[in-house]
$ cat coords-v6.cif   # mmCIF, C-alpha atoms
data_target
#
loop_
_atom_site.label_atom_id
_atom_site.label_comp_id
_atom_site.auth_asym_id
_atom_site.auth_seq_id
_atom_site.Cartn_x
_atom_site.Cartn_y
_atom_site.Cartn_z
CA MET A 1 115.81 132.52 5.62
CA ALA A 2 115.87 130.05 8.51
CA GLU A 3 117.54 130.75 11.83
CA ASP A 4 119.03 128.02 14.02
CA VAL A 5 118.46 128.41 17.74
CA ARG A 6 121.31 126.77 19.65
CA ALA A 7 122.12 126.08 23.31
CA GLU A 8 124.51 128.55 24.88
CA MET A 9 125.65 126.20 27.66
CA VAL A 10 125.43 122.63 28.91
CA SER A 11 122.00 122.25 30.48
CA THR A 12 118.87 120.13 30.75
CA VAL A 13 115.62 120.92 28.93
CA PHE A 14 113.23 121.84 31.76
CA GLU A 15 110.18 122.93 29.73
CA VAL A 16 109.24 123.14 26.05
CA VAL A 17 106.97 126.15 25.52
CA VAL A 18 106.35 125.98 21.75
CA GLN A 19 105.56 123.27 19.21
CA GLU A 20 106.49 122.84 15.57
CA GLY A 21 104.24 125.06 13.48
CA ASP A 22 103.80 127.73 16.16
CA VAL A 23 104.23 131.34 15.06
CA VAL A 24 106.55 133.25 17.40
CA ALA A 25 107.56 136.88 17.78
CA GLU A 26 111.05 138.13 18.52
CA GLY A 27 111.63 137.73 22.26
CA ASP A 28 109.12 134.89 22.79
CA THR A 29 110.29 132.02 24.99
CA LEU A 30 110.84 128.79 23.05
CA VAL A 31 112.15 126.47 25.76
CA ILE A 32 113.41 126.78 29.32
CA LEU A 33 116.73 125.17 30.18
CA GLU A 34 117.94 124.31 33.68
CA SER A 35 121.55 124.48 34.77
CA MET A 36 122.83 124.50 38.36
CA LYS A 37 119.25 124.99 39.65
CA MET A 38 118.78 128.11 37.51
CA GLU A 39 116.08 128.36 34.85
CA ILE A 40 117.33 129.88 31.60
CA PRO A 41 114.77 130.91 28.95
CA VAL A 42 115.79 130.46 25.32
CA LEU A 43 114.24 133.30 23.33
CA ALA A 44 113.39 133.69 19.66
CA GLU A 45 115.82 136.15 18.10
CA ARG A 46 113.43 136.86 15.24
CA SER A 47 109.76 136.46 14.37
CA GLY A 48 108.65 133.50 12.29
CA THR A 49 107.36 129.95 12.40
CA VAL A 50 108.97 127.14 14.39
CA THR A 51 109.76 124.69 11.60
CA SER A 52 111.82 122.26 13.67
CA LEU A 53 111.92 121.56 17.40
CA ASP A 54 114.83 119.29 18.22
CA VAL A 55 114.54 118.81 22.00
CA VAL A 56 112.13 117.30 24.52
CA VAL A 57 111.86 117.72 28.28
CA GLY A 58 114.71 115.92 30.00
CA ASP A 59 117.19 116.15 27.12
CA VAL A 60 120.72 117.18 28.06
CA VAL A 61 122.09 119.68 25.56
CA GLN A 62 125.69 120.70 25.03
CA GLN A 63 126.87 124.16 24.10
CA GLY A 64 126.05 124.67 20.41
CA ASP A 65 123.43 121.90 20.15
CA LEU A 66 120.45 122.68 17.94
CA ILE A 67 117.27 123.47 19.89
CA ALA A 68 114.95 124.74 17.15
CA VAL A 69 114.74 126.31 13.70
CA ILE A 70 112.67 129.40 12.98
CA SER A 71 111.75 130.25 9.38
#
$ encode --input "coords-v6.cif" --output "structure tokens"
Amino acid sequence: MAEDVRAEMVSTVFEVVVQEGDVVAEGDTLVILESMKMEIPVLAERSGTVTSLDVVVGDVVQQGDLIAVIS
């Protein structure tokens, strides 16, 4: 079963830590967002493989936007 990882707030993608195909464990950092000069890590909520990475550095994401899919 795939899990969508979505943005929790309006922010800018500061750093992309993983790539499609990477195996991640629950709690691993996927990307780092920046909002109001604060860095906010987006963590994997389950273990699996990153099957889709939908952001690049510099993207502005809105609350609820898809960041990645973990299968």
$ atom_distance --input "coords-v6.cif" --atom1 "atom CA of Glu3 of chain A" --atom2 "atom CA of Ala44 of chain A"
9.3 Å
$ closest_residue --input "coords-v6.cif" --among "A:Leu30, A:Ile40, A:Ala25, A:Val50" --to "Glu8 of chain A" --atoms "only C-alpha atoms"
A:Ile40
$ resolve_selection --input "coords-v6.cif" --expression "the PyMOL selection byres ((chain A and resi 64) around 6)" --output "PyMOL selection string"
chain A and resi 6-7+63+65
$ write_last_selection --input "coords-v6.cif" --atoms "C-alpha atoms" --output "short mmCIF file (atom, residue, chain, number, x, y, z; two decimals), in the coordinates of the input"
data_model
loop_
_atom_site.label_atom_id
_atom_site.label_comp_id
_atom_site.auth_asym_id
_atom_site.auth_seq_id
_atom_site.Cartn_x
_atom_site.Cartn_y
_atom_site.Cartn_z
CA ARG A 6 121.31 126.77 19.65
CA ALA A 7 122.12 126.08 23.31
CA GLN A 63 126.87 124.16 24.10
CA ASP A 65 123.43 121.90 20.15
#
$ residues_around --input "coords-v6.cif" --residues "Val5 of chain A" --least-positions-apart "5" --cutoff "10 Å" --atoms "only C-alpha atoms" --output "PyMOL selection string"
chain A and resi 30+42-45+52-54+64-70
$ closest_residue --input "coords-v6.cif" --among "A:Val18, A:Val24, A:Val10, A:Met1" --to "Gly48 of chain A" --atoms "only C-alpha atoms"
A:Val24
$ atom_distance --input "coords-v6.cif" --atom1 "atom CA of Val13 of chain A" --atom2 "atom CA of Thr49 of chain A"
20.6 Å
$ closest_residue --input "coords-v6.cif" --among "A:Val31, A:Val23, A:Ala2, A:Met9" --to "Val56 of chain A" --atoms "all atoms listed in the file"
A:Val31
$ resolve_selection --input "coords-v6.cif" --expression "the PyMOL selection byres ((chain A and resi 15) around 7)" --output "list in words"
Val13, Phe14, Val16, Val17, Val31, Ile32, Leu33 and Val57 of chain A
$ atom_distance --input "coords-v6.cif" --atom1 "atom CA of Gln62 of chain A" --atom2 "atom CA of Ser35 of chain A"
11.2 Å
$ closest_residue --input "coords-v6.cif" --among "A:Glu39, A:Ser47, A:Glu34, A:Glu26" --to "Val61 of chain A" --atoms "all atoms listed in the file"
A:Glu34
$ closest_residue --input "coords-v6.cif" --among "A:Gly58, A:Asp4, A:Ser11, A:Ser71" --to "Met38 of chain A" --atoms "all atoms listed in the file"
A:Ser11
$ build_atoms --input "coords-v6.cif" --residues "segment 7-39 of chain A" --atoms "N, CA and C atoms" --output "tab-separated table (two decimals), in the coordinates of the input"
chain	number	residue	atom	x	y	z
A	7	ALA	N	121.86	125.97	21.87
A	7	ALA	CA	122.12	126.08	23.31
A	7	ALA	C	123.39	126.89	23.55
A	8	GLU	N	123.35	127.74	24.55
A	8	GLU	CA	124.51	128.55	24.88
A	8	GLU	C	125.39	127.91	25.95
A	9	MET	N	124.87	126.87	26.61
A	9	MET	CA	125.65	126.20	27.66
A	9	MET	C	125.12	124.79	27.85
A	10	VAL	N	125.88	123.98	28.56
A	10	VAL	CA	125.43	122.63	28.91
A	10	VAL	C	124.29	122.78	29.91
A	11	SER	N	123.17	122.13	29.61
A	11	SER	CA	122.00	122.25	30.48
A	11	SER	C	121.01	121.14	30.16
A	12	THR	N	119.94	121.10	30.94
A	12	THR	CA	118.87	120.13	30.75
A	12	THR	C	117.62	120.88	30.32
A	13	VAL	N	116.87	120.30	29.37
A	13	VAL	CA	115.62	120.92	28.93
A	13	VAL	C	114.59	120.72	30.05
A	14	PHE	N	114.16	121.84	30.63
A	14	PHE	CA	113.23	121.84	31.76
A	14	PHE	C	111.78	121.91	31.28
A	15	GLU	N	111.54	122.75	30.26
A	15	GLU	CA	110.18	122.93	29.73
A	15	GLU	C	110.26	123.32	28.26
A	16	VAL	N	109.37	122.76	27.46
A	16	VAL	CA	109.24	123.14	26.05
A	16	VAL	C	107.96	123.96	25.95
A	17	VAL	N	108.09	125.22	25.52
A	17	VAL	CA	106.97	126.15	25.52
A	17	VAL	C	106.23	126.15	24.18
A	18	VAL	N	106.96	125.92	23.09
A	18	VAL	CA	106.35	125.98	21.75
A	18	VAL	C	106.33	124.60	21.11
A	19	GLN	N	105.61	124.49	20.01
A	19	GLN	CA	105.56	123.27	19.21
A	19	GLN	C	105.89	123.62	17.77
A	20	GLU	N	106.28	122.61	17.00
A	20	GLU	CA	106.49	122.84	15.57
A	20	GLU	C	105.22	123.42	14.97
A	21	GLY	N	105.38	124.42	14.12
A	21	GLY	CA	104.24	125.06	13.48
A	21	GLY	C	103.76	126.32	14.19
A	22	ASP	N	104.21	126.52	15.43
A	22	ASP	CA	103.80	127.73	16.16
A	22	ASP	C	104.44	128.96	15.53
A	23	VAL	N	103.69	130.05	15.51
A	23	VAL	CA	104.23	131.34	15.06
A	23	VAL	C	104.71	132.07	16.31
A	24	VAL	N	105.96	132.56	16.26
A	24	VAL	CA	106.55	133.25	17.40
A	24	VAL	C	107.00	134.65	17.00
A	25	ALA	N	107.05	135.52	17.99
A	25	ALA	CA	107.56	136.88	17.78
A	25	ALA	C	108.95	136.97	18.41
A	26	GLU	N	109.74	137.91	17.94
A	26	GLU	CA	111.05	138.13	18.52
A	26	GLU	C	110.90	138.34	20.02
A	27	GLY	N	111.69	137.61	20.81
A	27	GLY	CA	111.63	137.73	22.26
A	27	GLY	C	110.75	136.71	22.95
A	28	ASP	N	109.95	135.94	22.19
A	28	ASP	CA	109.12	134.89	22.79
A	28	ASP	C	110.00	133.77	23.33
A	29	THR	N	109.58	133.16	24.43
A	29	THR	CA	110.29	132.02	24.99
A	29	THR	C	109.97	130.77	24.19
A	30	LEU	N	111.01	130.04	23.79
A	30	LEU	CA	110.84	128.79	23.05
A	30	LEU	C	110.92	127.59	23.99
A	31	VAL	N	111.97	127.53	24.77
A	31	VAL	CA	112.15	126.47	25.76
A	31	VAL	C	112.80	127.10	27.00
A	32	ILE	N	112.73	126.36	28.10
A	32	ILE	CA	113.41	126.78	29.32
A	32	ILE	C	114.41	125.68	29.66
A	33	LEU	N	115.66	126.09	29.80
A	33	LEU	CA	116.73	125.17	30.18
A	33	LEU	C	117.00	125.31	31.67
A	34	GLU	N	117.58	124.27	32.27
A	34	GLU	CA	117.94	124.31	33.68
A	34	GLU	C	119.41	123.93	33.79
A	35	SER	N	120.14	124.76	34.52
A	35	SER	CA	121.55	124.48	34.77
A	35	SER	C	121.88	124.99	36.17
A	36	MET	N	122.44	124.13	36.99
A	36	MET	CA	122.83	124.50	38.36
A	36	MET	C	121.67	125.14	39.11
A	37	LYS	N	120.48	124.56	38.97
A	37	LYS	CA	119.25	124.99	39.65
A	37	LYS	C	118.75	126.36	39.21
A	38	MET	N	119.26	126.85	38.08
A	38	MET	CA	118.78	128.11	37.51
A	38	MET	C	117.99	127.81	36.25
A	39	GLU	N	116.87	128.49	36.06
A	39	GLU	CA	116.08	128.36	34.85
A	39	GLU	C	116.52	129.42	33.85
